[in-house]
file coords_16.txt (compact mmCIF, C-alpha atoms)
# COMPACT_ATOMS: atom_id res chain seq x y z
CA MET A 1157 -1.06 -59.80 7.18
CA ALA A 1158 -2.95 -61.30 4.32
CA ILE A 1159 -2.78 -59.34 1.12
CA ALA A 1160 -5.25 -60.05 -1.63
CA ALA A 1161 -3.11 -58.95 -4.55
CA ALA A 1162 0.51 -58.58 -5.56
CA ALA A 1163 0.63 -56.96 -9.00
CA ALA A 1164 2.14 -53.42 -8.83
CA VAL A 1165 0.28 -50.50 -10.35
CA THR A 1166 1.85 -46.99 -10.20
CA VAL A 1167 -0.23 -43.94 -9.21
CA SER A 1168 0.12 -40.53 -10.85
CA SER A 1169 2.38 -39.11 -8.11
CA PRO A 1170 6.07 -39.66 -8.91
CA ASN A 1171 6.83 -40.52 -5.28
CA LEU A 1172 4.07 -43.01 -4.55
CA SER A 1173 3.12 -46.53 -5.71
CA TYR A 1174 0.47 -49.05 -4.75
CA ARG A 1175 -0.31 -52.69 -5.46
CA ARG A 1176 -3.66 -53.81 -6.53
CA GLY A 1177 -5.20 -57.22 -6.85
CA ASN A 1178 -5.28 -58.83 -10.28
CA PRO A 1179 -7.45 -61.97 -10.08
CA ARG A 1180 -6.18 -63.22 -13.45
CA LEU A 1181 -2.85 -64.30 -11.93
CA PRO A 1182 -3.01 -68.05 -11.15
CA HIS A 1183 -1.01 -68.02 -7.89
CA GLN A 1184 -3.31 -65.48 -6.16
CA GLN A 1185 -6.18 -66.47 -3.94
CA GLU A 1186 -9.14 -64.20 -3.26
CA THR A 1187 -8.82 -64.31 0.51
CA ALA A 1188 -10.17 -60.77 0.91
CA ALA A 1189 -12.55 -58.51 -0.96
CA SER A 1190 -10.43 -55.42 -0.60
CA ALA A 1191 -7.07 -54.15 -1.76
CA THR A 1192 -4.38 -52.59 0.32
CA LEU A 1193 -2.65 -49.28 -0.51
CA ILE A 1194 1.07 -49.38 0.13
CA VAL A 1195 2.92 -46.02 0.12
CA LYS A 1196 6.55 -46.38 -0.77
CA PRO A 1197 9.00 -43.43 -1.00
CA ARG A 1198 11.17 -43.46 -4.10
CA SER A 1199 13.48 -40.65 -3.02
CA ALA A 1200 14.79 -39.05 0.16
CA ILE A 1201 12.88 -35.86 -0.73
CA PHE A 1202 9.60 -37.53 0.09
CA GLY A 1203 9.87 -37.66 3.89
CA ARG A 1204 7.74 -38.65 6.80
CA ARG A 1205 5.86 -35.35 7.03
CA ALA A 1206 4.96 -35.38 3.33
CA LEU A 1207 3.63 -38.93 3.61
CA SER A 1208 1.54 -37.98 6.63
CA SER A 1209 0.07 -34.94 4.89
CA PHE A 1210 -0.65 -37.02 1.80
CA LEU A 1211 -2.57 -39.57 3.83
CA TYR A 1212 -4.52 -36.97 5.79
CA TYR A 1213 -5.70 -34.94 2.80
CA SER A 1214 -6.44 -38.09 0.81
CA GLN A 1215 -8.68 -39.30 3.63
CA ARG A 1216 -10.45 -35.94 3.74
CA ASN A 1217 -11.01 -35.57 0.01
CA ASP A 1218 -11.95 -39.15 -0.95
CA GLY A 1219 -13.33 -40.64 2.25
CA GLY A 1220 -10.19 -42.66 2.86
CA ARG A 1221 -9.87 -43.93 -0.70
CA ILE A 1222 -7.63 -43.25 -3.69
CA GLY A 1223 -8.85 -44.52 -7.01
CA GLY A 1224 -11.42 -46.61 -5.16
CA LEU A 1225 -8.82 -48.26 -2.89
CA PRO A 1226 -8.89 -48.06 0.91
CA ILE A 1227 -5.85 -46.46 2.54
CA ARG A 1228 -3.89 -48.13 5.32
CA SER A 1229 -2.42 -45.62 7.73
CA GLU A 1230 0.05 -48.21 9.06
CA MET A 1231 2.39 -49.63 6.44
CA THR A 1232 4.17 -52.89 7.04
CA THR A 1233 6.19 -55.19 4.93
CA ALA A 1234 4.40 -57.96 3.05
CA SER A 1235 3.47 -61.13 4.88
CA ALA A 1236 5.71 -64.13 4.48
CA ALA A 1237 2.53 -66.13 3.94
CA SER A 1238 2.35 -64.89 0.37
CA ASP A 1239 2.76 -67.57 -2.28
CA ASP A 1240 4.90 -65.29 -4.42
CA PRO A 1241 8.56 -65.95 -3.55
CA GLY A 1242 9.65 -62.50 -4.79
CA PHE A 1243 6.94 -60.62 -2.97
CA ALA A 1244 8.93 -59.93 0.21
CA ASP A 1245 11.89 -58.67 -1.77
CA ARG A 1246 9.77 -56.24 -3.72
CA ASP A 1247 8.31 -54.83 -0.49
CA ALA A 1248 11.62 -54.36 1.27
CA GLY A 1249 12.12 -50.81 2.48
CA LEU A 1250 8.45 -49.92 2.96
CA HIS A 1251 8.01 -47.26 5.69
CA HIS A 1252 5.81 -47.50 8.76
CA ILE A 1253 3.59 -44.38 8.84
CA PRO A 1254 1.62 -43.86 12.05
CA ARG A 1255 -1.96 -42.60 11.93
CA ILE A 1256 -2.09 -38.82 12.21
CA SER A 1257 -4.64 -36.51 13.74
CA PRO A 1258 -6.29 -33.79 11.65
CA LEU A 1259 -4.94 -31.24 14.12
CA MET A 1260 -1.42 -31.98 12.90
CA ALA A 1261 -2.32 -30.76 9.43
CA ALA A 1262 -4.14 -27.62 10.52
CA SER A 1263 -3.33 -26.66 14.08
CA PRO A 1264 -5.20 -23.81 15.80
CA VAL A 1265 -2.03 -21.70 15.79
CA VAL A 1266 -1.64 -21.95 12.04
CA ALA A 1267 -5.32 -21.33 11.43
CA SER A 1268 -5.38 -18.20 13.54
CA SER A 1269 -2.32 -16.77 11.84
CA VAL A 1270 -3.86 -17.27 8.43
CA ALA A 1271 -7.05 -15.52 9.51
CA LEU A 1272 -5.26 -12.35 10.61
CA PRO A 1273 -5.28 -9.46 8.07
CA PRO A 1274 -1.90 -8.56 6.60
CA LYS A 1275 -0.03 -5.93 8.57
CA ARG A 1276 0.14 -2.57 6.81
CA TYR A 1277 3.35 -0.62 7.01
CA LYS A 1278 3.89 3.07 6.46
CA LYS A 1279 5.67 3.94 3.26
CA SER A 1280 9.18 5.26 3.90
CA VAL A 1281 9.78 8.39 1.80
CA CYS A 1282 12.95 10.31 1.00
CA LEU A 1283 11.87 13.97 0.80
CA PHE A 1284 14.00 16.41 -1.19
CA TYR A 1285 13.18 20.12 -1.21
CA CYS A 1286 14.20 23.45 -2.69
CA GLU A 1287 15.75 26.06 -0.42
CA GLU A 1288 12.57 28.13 -0.23
CA MET A 1289 10.69 25.13 1.12
CA ARG A 1290 13.22 24.12 3.76
CA GLU A 1291 11.08 25.25 6.70
CA LEU A 1292 7.94 23.53 5.38
CA ALA A 1293 9.91 20.37 4.59
CA GLU A 1294 11.17 20.22 8.17
CA ARG A 1295 7.58 20.50 9.42
CA VAL A 1296 6.51 17.71 7.09
CA ALA A 1297 9.28 15.47 8.42
CA LEU A 1298 8.08 16.13 11.98
CA GLU A 1299 4.64 14.82 11.03
CA SER A 1300 5.86 11.26 10.38
CA ASP A 1301 8.84 9.07 11.28
CA SER A 1302 8.61 7.51 7.83
CA ILE A 1303 9.67 10.74 6.06
CA ASN A 1304 13.42 11.33 5.81
CA LEU A 1305 14.78 14.67 4.64
CA ARG A 1306 17.40 14.63 1.92
CA SER A 1307 19.29 17.72 0.75
CA ILE A 1308 20.46 18.90 -2.66
CA SER A 1309 23.50 21.05 -3.37
CA TRP A 1310 22.11 24.16 -5.11
CA ARG A 1311 25.20 25.67 -6.64
CA LYS A 1312 25.69 28.01 -9.59
CA PHE A 1313 28.34 28.41 -12.24
CA GLU A 1314 29.98 31.78 -12.77
CA ASP A 1315 27.59 32.57 -15.61
CA GLY A 1316 24.61 32.08 -13.26
CA PHE A 1317 23.36 28.75 -14.60
CA PRO A 1318 22.66 26.08 -11.98
CA ASN A 1319 25.36 23.62 -10.93
CA LEU A 1320 23.34 20.98 -9.10
CA PHE A 1321 24.35 17.85 -7.22
CA ILE A 1322 22.29 15.10 -5.54
CA PRO A 1323 24.40 13.61 -2.71
CA ASN A 1324 24.44 9.83 -2.26
CA ALA A 1325 22.39 9.22 -5.40
CA HIS A 1326 23.01 5.47 -5.12
CA GLY A 1327 21.45 5.48 -1.66
CA ILE A 1328 17.96 6.28 -2.94
CA ARG A 1329 17.76 3.37 -5.36
CA GLY A 1330 14.63 1.36 -4.71
CA GLN A 1331 13.26 4.09 -2.40
CA HIS A 1332 10.06 6.13 -2.58
CA VAL A 1333 11.18 9.68 -3.37
CA ALA A 1334 9.37 13.04 -3.22
CA PHE A 1335 10.36 16.59 -4.05
CA LEU A 1336 8.82 19.66 -2.41
CA ALA A 1337 8.90 22.48 -4.97
CA SER A 1338 8.15 26.20 -5.02
CA PHE A 1339 7.78 27.90 -8.38
CA SER A 1340 7.57 31.33 -6.78
CA SER A 1341 9.31 33.07 -9.67
CA PRO A 1342 10.49 32.15 -13.18
CA GLY A 1343 14.09 32.43 -12.02
CA VAL A 1344 13.87 29.32 -9.80
CA ILE A 1345 11.75 27.11 -12.02
CA PHE A 1346 14.53 25.91 -14.33
CA GLU A 1347 16.86 24.65 -11.59
CA GLN A 1348 14.04 22.82 -9.85
CA LEU A 1349 12.82 21.27 -13.09
CA SER A 1350 16.37 19.99 -13.63
CA VAL A 1351 16.22 18.12 -10.32
CA ILE A 1352 12.64 16.98 -10.88
CA PHE A 1353 13.60 15.40 -14.19
CA ALA A 1354 16.74 13.80 -12.72
CA LEU A 1355 15.32 12.08 -9.64
CA PRO A 1356 13.05 9.53 -11.40
CA ARG A 1357 16.04 8.31 -13.44
CA LEU A 1358 17.91 7.14 -10.33
CA PHE A 1359 16.11 3.76 -10.22
CA ILE A 1360 13.72 4.85 -7.49
CA SER A 1361 10.53 2.92 -6.65
CA SER A 1362 8.19 5.90 -7.09
CA PHE A 1363 8.32 9.67 -7.45
CA THR A 1364 5.97 12.31 -6.03
CA LEU A 1365 6.19 16.00 -6.87
CA VAL A 1366 4.57 18.26 -4.26
CA LEU A 1367 3.84 21.67 -5.75
CA PRO A 1368 1.53 23.34 -3.22
CA PHE A 1369 0.94 26.39 -5.40
CA PHE A 1370 0.54 26.02 -9.17
CA PRO A 1371 1.76 29.53 -10.02
CA THR A 1372 0.39 30.05 -13.52
CA GLY A 1373 -3.06 28.82 -12.59
CA SER A 1374 -4.66 32.26 -12.97
CA TYR A 1375 -3.29 32.64 -16.49
CA GLU A 1376 -5.46 30.12 -18.31
CA ARG A 1377 -7.73 32.51 -20.22
CA MET A 1378 -7.29 33.34 -23.88
CA GLU A 1379 -9.45 36.34 -24.68
CA ASP A 1380 -7.60 37.63 -27.74
CA GLU A 1381 -5.77 35.93 -30.56
CA GLY A 1382 -2.14 35.69 -29.55
CA ASP A 1383 -2.74 35.26 -25.80
CA VAL A 1384 -0.56 32.50 -24.38
CA ALA A 1385 -2.06 30.25 -21.70
CA THR A 1386 1.04 29.72 -19.57
CA ALA A 1387 -0.92 27.43 -17.25
CA PHE A 1388 -1.16 24.97 -20.13
CA THR A 1389 2.55 25.35 -20.89
CA LEU A 1390 3.63 24.51 -17.34
CA ALA A 1391 1.16 21.62 -17.10
CA ARG A 1392 2.52 20.06 -20.29
CA THR A 1393 6.08 20.51 -19.07
CA LEU A 1394 5.33 18.66 -15.84
CA SER A 1395 3.52 15.98 -17.83
CA ASN A 1396 6.84 14.97 -19.39
CA ILE A 1397 8.61 14.08 -16.14
CA PRO A 1398 10.35 10.72 -16.72
CA ILE A 1399 8.49 7.66 -15.49
CA SER A 1400 10.09 5.97 -12.50
CA ARG A 1401 10.23 2.23 -11.85
CA GLY A 1402 6.90 2.50 -10.02
CA GLY A 1403 5.09 4.24 -12.87
CA PRO A 1404 3.98 7.82 -13.58
CA THR A 1405 4.82 10.70 -11.27
CA SER A 1406 2.25 11.69 -8.65
CA LEU A 1407 1.70 15.46 -8.63
CA VAL A 1408 0.20 17.01 -5.47
CA ILE A 1409 -1.32 20.50 -5.86
CA PHE A 1410 -3.45 22.46 -3.38
CA ASP A 1411 -6.49 24.44 -4.56
CA ILE A 1412 -5.55 24.96 -8.19
CA HIS A 1413 -7.11 28.20 -9.41
CA ALA A 1414 -9.17 26.90 -12.34
CA LEU A 1415 -10.66 23.44 -11.97
CA GLN A 1416 -10.49 22.77 -15.70
CA GLU A 1417 -6.70 22.96 -15.51
CA ARG A 1418 -6.59 19.39 -14.23
CA PHE A 1419 -7.26 18.36 -17.82
CA TYR A 1420 -4.13 20.15 -19.03
CA PHE A 1421 -1.92 17.38 -17.66
CA GLY A 1422 -0.94 14.40 -19.81
CA ASP A 1423 -1.25 10.70 -19.08
CA SER A 1424 2.33 10.31 -17.81
CA VAL A 1425 1.59 12.25 -14.61
CA LEU A 1426 -1.10 11.61 -11.98
CA PRO A 1427 -2.41 14.91 -10.54
CA CYS A 1428 -3.67 14.72 -6.96
CA PHE A 1429 -5.66 17.84 -6.07
CA GLU A 1430 -5.83 18.62 -2.37
CA SER A 1431 -7.36 21.52 -0.46
CA GLY A 1432 -6.38 23.70 2.47
CA VAL A 1433 -10.00 24.30 3.50
CA PRO A 1434 -9.97 21.50 6.14
CA LEU A 1435 -7.30 23.54 7.96
CA LEU A 1436 -9.65 26.51 8.00
CA LYS A 1437 -12.54 24.43 9.33
CA ASN A 1438 -10.39 23.17 12.20
CA ARG A 1439 -9.30 26.71 13.03
CA LEU A 1440 -12.86 28.06 12.99
CA GLN A 1441 -13.90 25.44 15.54
CA GLN A 1442 -11.32 26.86 17.93
CA LEU A 1443 -12.71 30.43 17.85
CA PRO A 1444 -14.77 31.63 20.83
CA ASP A 1445 -17.58 32.68 18.46
CA SER A 1446 -17.48 29.51 16.37
CA GLU A 1447 -21.28 29.21 16.57
CA ASN A 1448 -21.68 32.62 14.93
CA ILE A 1449 -19.61 32.02 11.79
CA SER A 1450 -20.89 32.63 8.27
CA ILE A 1451 -18.91 31.99 5.09
CA ALA A 1452 -18.81 34.55 2.28
CA PHE A 1453 -17.63 33.97 -1.28
CA PRO A 1454 -16.42 36.96 -3.31
CA ASP A 1455 -17.81 35.53 -6.56
CA ASP A 1456 -19.64 32.56 -8.03
CA GLY A 1457 -16.38 30.83 -8.92
CA ALA A 1458 -15.32 30.66 -5.27
CA TRP A 1459 -18.75 29.35 -4.30
CA LYS A 1460 -18.60 26.56 -6.90
CA ARG A 1461 -15.17 25.52 -5.68
CA PHE A 1462 -15.65 25.54 -1.90
CA HIS A 1463 -19.32 25.46 -0.94
CA LYS A 1464 -19.50 21.66 -0.60
CA GLN A 1465 -16.63 21.65 1.89
CA LEU A 1466 -18.28 24.43 3.94
CA GLN A 1467 -21.93 23.45 3.57
CA HIS A 1468 -22.52 23.31 7.33
CA PHE A 1469 -22.04 27.08 7.64
CA PRO A 1470 -24.54 29.79 6.63
CA MET A 1471 -23.37 31.17 3.29
CA ILE A 1472 -23.21 34.58 1.71
CA ILE A 1473 -22.47 35.06 -1.98
CA CYS A 1474 -21.17 38.24 -3.55
CA ASN A 1475 -20.58 38.97 -7.21
CA LYS A 1476 -18.25 41.21 -9.14
CA VAL A 1477 -19.48 43.66 -11.73
CA ARG A 1478 -17.18 45.48 -14.10
CA GLU A 1479 -17.90 49.17 -14.63
CA GLY A 1480 -15.23 50.48 -16.93
CA ASP A 1481 -11.88 49.66 -15.37
CA GLN A 1482 -13.37 49.14 -11.92
CA ARG A 1483 -14.66 45.99 -10.28
CA ILE A 1484 -17.64 46.61 -8.05
CA VAL A 1485 -18.60 43.92 -5.52
CA ARG A 1486 -22.25 43.54 -4.58
CA LEU A 1487 -24.14 41.32 -2.19
CA LYS A 1488 -25.97 38.64 -4.19
CA GLU A 1489 -27.54 36.49 -1.45
CA GLY A 1490 -27.24 35.82 2.27
CA ASP A 1491 -27.50 37.93 5.41
CA PRO A 1492 -24.31 39.02 7.22
CA ARG A 1493 -26.04 41.00 10.02
CA GLY A 1494 -24.56 40.30 13.43
CA ARG A 1495 -22.33 37.53 12.11
CA HIS A 1496 -18.61 36.89 12.07
CA VAL A 1497 -18.20 36.56 8.31
CA VAL A 1498 -15.19 34.76 6.83
CA ILE A 1499 -14.40 35.49 3.18
CA VAL A 1500 -13.03 32.37 1.45
CA ASP A 1501 -11.09 32.24 -1.83
CA ASP A 1502 -8.26 30.20 -3.34
CA LEU A 1503 -5.68 32.99 -3.69
CA VAL A 1504 -5.05 36.69 -3.29
CA GLN A 1505 -2.74 38.95 -5.26
CA SER A 1506 -3.38 42.69 -5.04
CA GLY A 1507 -6.28 42.11 -2.63
CA GLY A 1508 -8.64 44.57 -4.31
CA THR A 1509 -11.57 42.14 -4.54
CA LEU A 1510 -11.23 41.07 -0.90
CA ILE A 1511 -11.18 44.66 0.32
CA GLU A 1512 -14.30 45.56 -1.66
CA CYS A 1513 -16.06 42.44 -0.39
CA GLN A 1514 -15.10 43.34 3.16
CA LYS A 1515 -16.63 46.81 2.80
CA VAL A 1516 -19.90 45.41 1.42
CA LEU A 1517 -20.24 42.94 4.29
CA ALA A 1518 -19.52 45.62 6.88
CA THR A 1519 -22.10 47.91 5.26
CA HIS A 1520 -24.73 45.18 5.51
CA GLY A 1521 -24.20 44.72 9.25
CA ALA A 1522 -21.45 42.12 9.71
CA GLU A 1523 -20.17 42.19 13.29
CA ARG A 1524 -16.68 40.96 12.35
CA VAL A 1525 -14.99 40.17 9.03
CA SER A 1526 -12.09 37.77 8.47
CA ALA A 1527 -10.57 36.20 5.36
CA TYR A 1528 -8.98 32.95 4.23
CA VAL A 1529 -6.99 32.16 1.09
CA THR A 1530 -4.90 29.07 0.44
CA HIS A 1531 -2.25 30.98 -1.50
CA GLY A 1532 -1.16 34.40 -0.28
CA ILE A 1533 0.84 35.77 -3.21
CA PHE A 1534 0.80 39.50 -2.41
CA PRO A 1535 3.09 40.88 -5.12
CA ASN A 1536 4.74 44.23 -4.37
CA ARG A 1537 3.98 43.85 -0.64
CA SER A 1538 0.25 44.22 -1.25
CA TRP A 1539 -0.34 42.49 2.09
CA GLU A 1540 0.26 45.90 3.68
CA ARG A 1541 -3.24 46.94 2.55
CA PHE A 1542 -4.86 44.72 5.17
CA ASN A 1543 -5.18 46.13 8.66
CA TYR A 1544 -6.02 44.48 11.95
CA ASP A 1545 -9.40 45.04 13.58
CA ASN A 1546 -8.56 45.61 17.23
CA GLY A 1547 -12.10 46.53 18.12
CA VAL A 1548 -12.55 49.57 15.91
CA GLY A 1549 -14.91 47.81 13.49
CA PRO A 1550 -14.89 45.78 10.30
CA SER A 1551 -15.39 48.62 7.83
CA ASN A 1552 -11.78 48.47 6.61
CA ARG A 1553 -10.14 46.01 8.97
CA LEU A 1554 -9.95 42.23 9.41
CA SER A 1555 -10.10 40.21 12.61
CA TYR A 1556 -8.09 37.37 11.03
CA PHE A 1557 -6.43 36.78 7.69
CA TRP A 1558 -5.54 33.09 7.36
CA ILE A 1559 -3.14 31.88 4.68
CA THR A 1560 -1.22 28.65 4.27
CA ASP A 1561 2.54 28.26 3.87
CA SER A 1562 2.25 27.35 0.18
CA CYS A 1563 4.09 30.59 -0.71
CA PRO A 1564 7.13 30.63 1.59
CA LEU A 1565 8.33 34.12 0.62
CA THR A 1566 5.03 35.62 1.75
CA VAL A 1567 5.15 33.65 4.99
CA LYS A 1568 8.48 35.25 5.90
CA GLU A 1569 7.04 38.74 5.33
CA VAL A 1570 3.74 38.42 7.21
CA LYS A 1571 4.75 36.08 10.03
CA ASN A 1572 3.81 37.50 13.44
CA ARG A 1573 1.99 40.43 11.83
CA ALA A 1574 -1.68 40.85 12.72
CA PRO A 1575 -4.18 40.07 11.28
CA PHE A 1576 -2.20 37.33 9.48
CA GLU A 1577 -2.08 33.79 10.77
CA ILE A 1578 -0.32 30.87 9.06
CA LEU A 1579 -2.05 27.48 8.68
CA SER A 1580 0.62 24.93 7.77
CA LEU A 1581 0.08 22.35 5.03
CA ALA A 1582 2.66 20.02 6.64
CA GLY A 1583 0.14 17.48 7.91
CA GLU A 1584 -1.75 17.34 4.61
CA ILE A 1585 1.48 16.92 2.64
CA ALA A 1586 2.68 14.13 4.95
CA ALA A 1587 -0.64 12.34 4.47
CA ALA A 1588 -0.50 12.79 0.68
CA LEU A 1589 2.96 11.19 0.59
CA GLN A 1590 1.46 7.98 2.00
CA ILE A 1591 -0.99 7.59 -0.88
call {"tool": "encode", "arguments": {"input": "coords_16.txt", "output": "structure tokens"}}
result
Amino acid sequence: MAIAAAAAVTVSSPNLSYRRGNPRLPHQQETAASATLIVKPRSAIFGRRALSSFLYYSQRNDGGRIGGLPIRSEMTTASAASDDPGFADRDAGLHHIPRISPLMAASPVVASSVALPPKRYKKSVCLFYCEEMRELAERVALESDSINLRSISWRKFEDGFPNLFIPNAHGIRGQHVAFLASFSSPGVIFEQLSVIFALPRLFISSFTLVLPFFPTGSYERMEDEGDVATAFTLARTLSNIPISRGGPTSLVIFDIHALQERFYFGDSVLPCFESGVPLLKNRLQQLPDSENISIAFPDDGAWKRFHKQLQHFPMIICNKVREGDQRIVRLKEGDPRGRHVVIVDDLVQSGGTLIECQKVLATHGAERVSAYVTHGIFPNRSWERFNYDNGVGPSNRLSYFWITDSCPLTVKEVKNRAPFEILSLAGEIAAALQI
């Protein structure tokens, strides 16, 4: 093979070199108008596959040229016909690289695998819970194989203060962790807060606090100087949960009483506000008279909160008027005549407003009256005020009273008692844990 030049010039790559003609050398003859690129490995790291890829991509990107030089895909040692006596020695050890096909650099198999979207995996969550929430936690775990229940030892010292223990604390390192809480009474808040503040410090990947019912939500008003907004106090307490390795704590709450309370939380916690109304909508579709349903709101506040989620139903709005110490409910707009009317609100305590609303709807011709609240609190067994309509009429009876299991103590009292029916939040909680 005739080579037009013999002077070595090094390219920018540390593993490659080429020789280029230099017409100023006296012993060289211009027997060709082109130069030859010679690829020579300088280390064992630069192997056959790397050389082949280098040649292929160089041919693609520069039309077969590097620095203006044509590339030879077959490398051979220098011809003995060269006039330079040291030329053959300098070319000793050059590799023979066969010509490659473009398919070797980008085969169909590789291309198709790159085009596929990344596979999404479910987040595995370790779910801790307080004793009151054991039954709901078990339902949540049944909703997804990626949720694993973990227990806590809820012990007490002789003086009544909590003596708490988290078994296998090392085992949750690097895991996504959640805690299902129930602040049903002030007596259980302190021990649960102790666990809530301890879990993020165990080197976990992320922490989620599920508090279905925010208990002080109805105590946000300050009407007189000296009133204490305990909703603000609890929100600020939860805002100081330690940050885990994954960042701020996610806080899941269902149908918080006052929408402005979301602004009570600080920047170190991420509130996620969910609703139980989708459970009600699914249940209403299962009723035999589902085409005859109207939704009633006991006041303007309930309408503002829920009307967008229930906009496909005919709506009835009531309002409350104070006359002395009494609250009188009146029909503001809508027609309940001949309809199965479902009263919707976020929570119920004594139930006085719901009962008055029920009477007004029955007076204006409602065929049946039912009720839904996300949080059935019912202090002092006030749930006993609600009777089942077994065909007598809706004047002082309900066909259904739906509540969720956000308040586990109430669930135990009203389970299997008409007109009450429990709509479980387990599916919504399991979905929230995947966020």
call {"tool": "residues_around", "arguments": {"input": "coords_16.txt", "residues": "Gly1403 of chain A", "least_positions_apart": "2", "cutoff": "9 Å", "atoms": "only C-alpha atoms", "output": "list in words"}}
result
Ser1361, Ser1362, Phe1363, Ile1399, Ser1400, Arg1401, Thr1405, Ser1424 and Val1425 of chain A
call {"tool": "closest_residue", "arguments": {"input": "coords_16.txt", "among": "A:Pro1535, A:Gly1330, A:Gly1494, A:Gly1422", "to": "Glu1523 of chain A", "atoms": "all atoms listed in the file"}}
result
A:Gly1494
call {"tool": "residues_around", "arguments": {"input": "coords_16.txt", "residues": "segment 1513-1521 of chain A", "least_positions_apart": "2", "cutoff": "8 Å", "atoms": "all atoms listed in the file", "output": "PyMOL selection string"}}
result
chain A and resi 1454+1474+1485-1487+1491-1495+1497+1499+1509-1511+1523-1525+1550-1552
call {"tool": "residues_near_point", "arguments": {"input": "coords_16.txt", "point": "(0.0, 11.1, -2.3)", "cutoff": "12 Å", "atoms": "all atoms listed in the file", "output": "number ranges by chain"}}
result
A: 1279, 1281, 1332-1335, 1362-1367, 1405-1410, 1426-1430, 1584-1591
call {"tool": "closest_residue", "arguments": {"input": "coords_16.txt", "among": "A:Asn1475, A:Ser1538, A:Asn1396, A:Thr1530", "to": "Val1433 of chain A", "atoms": "all atoms listed in the file"}}
result
A:Thr1530
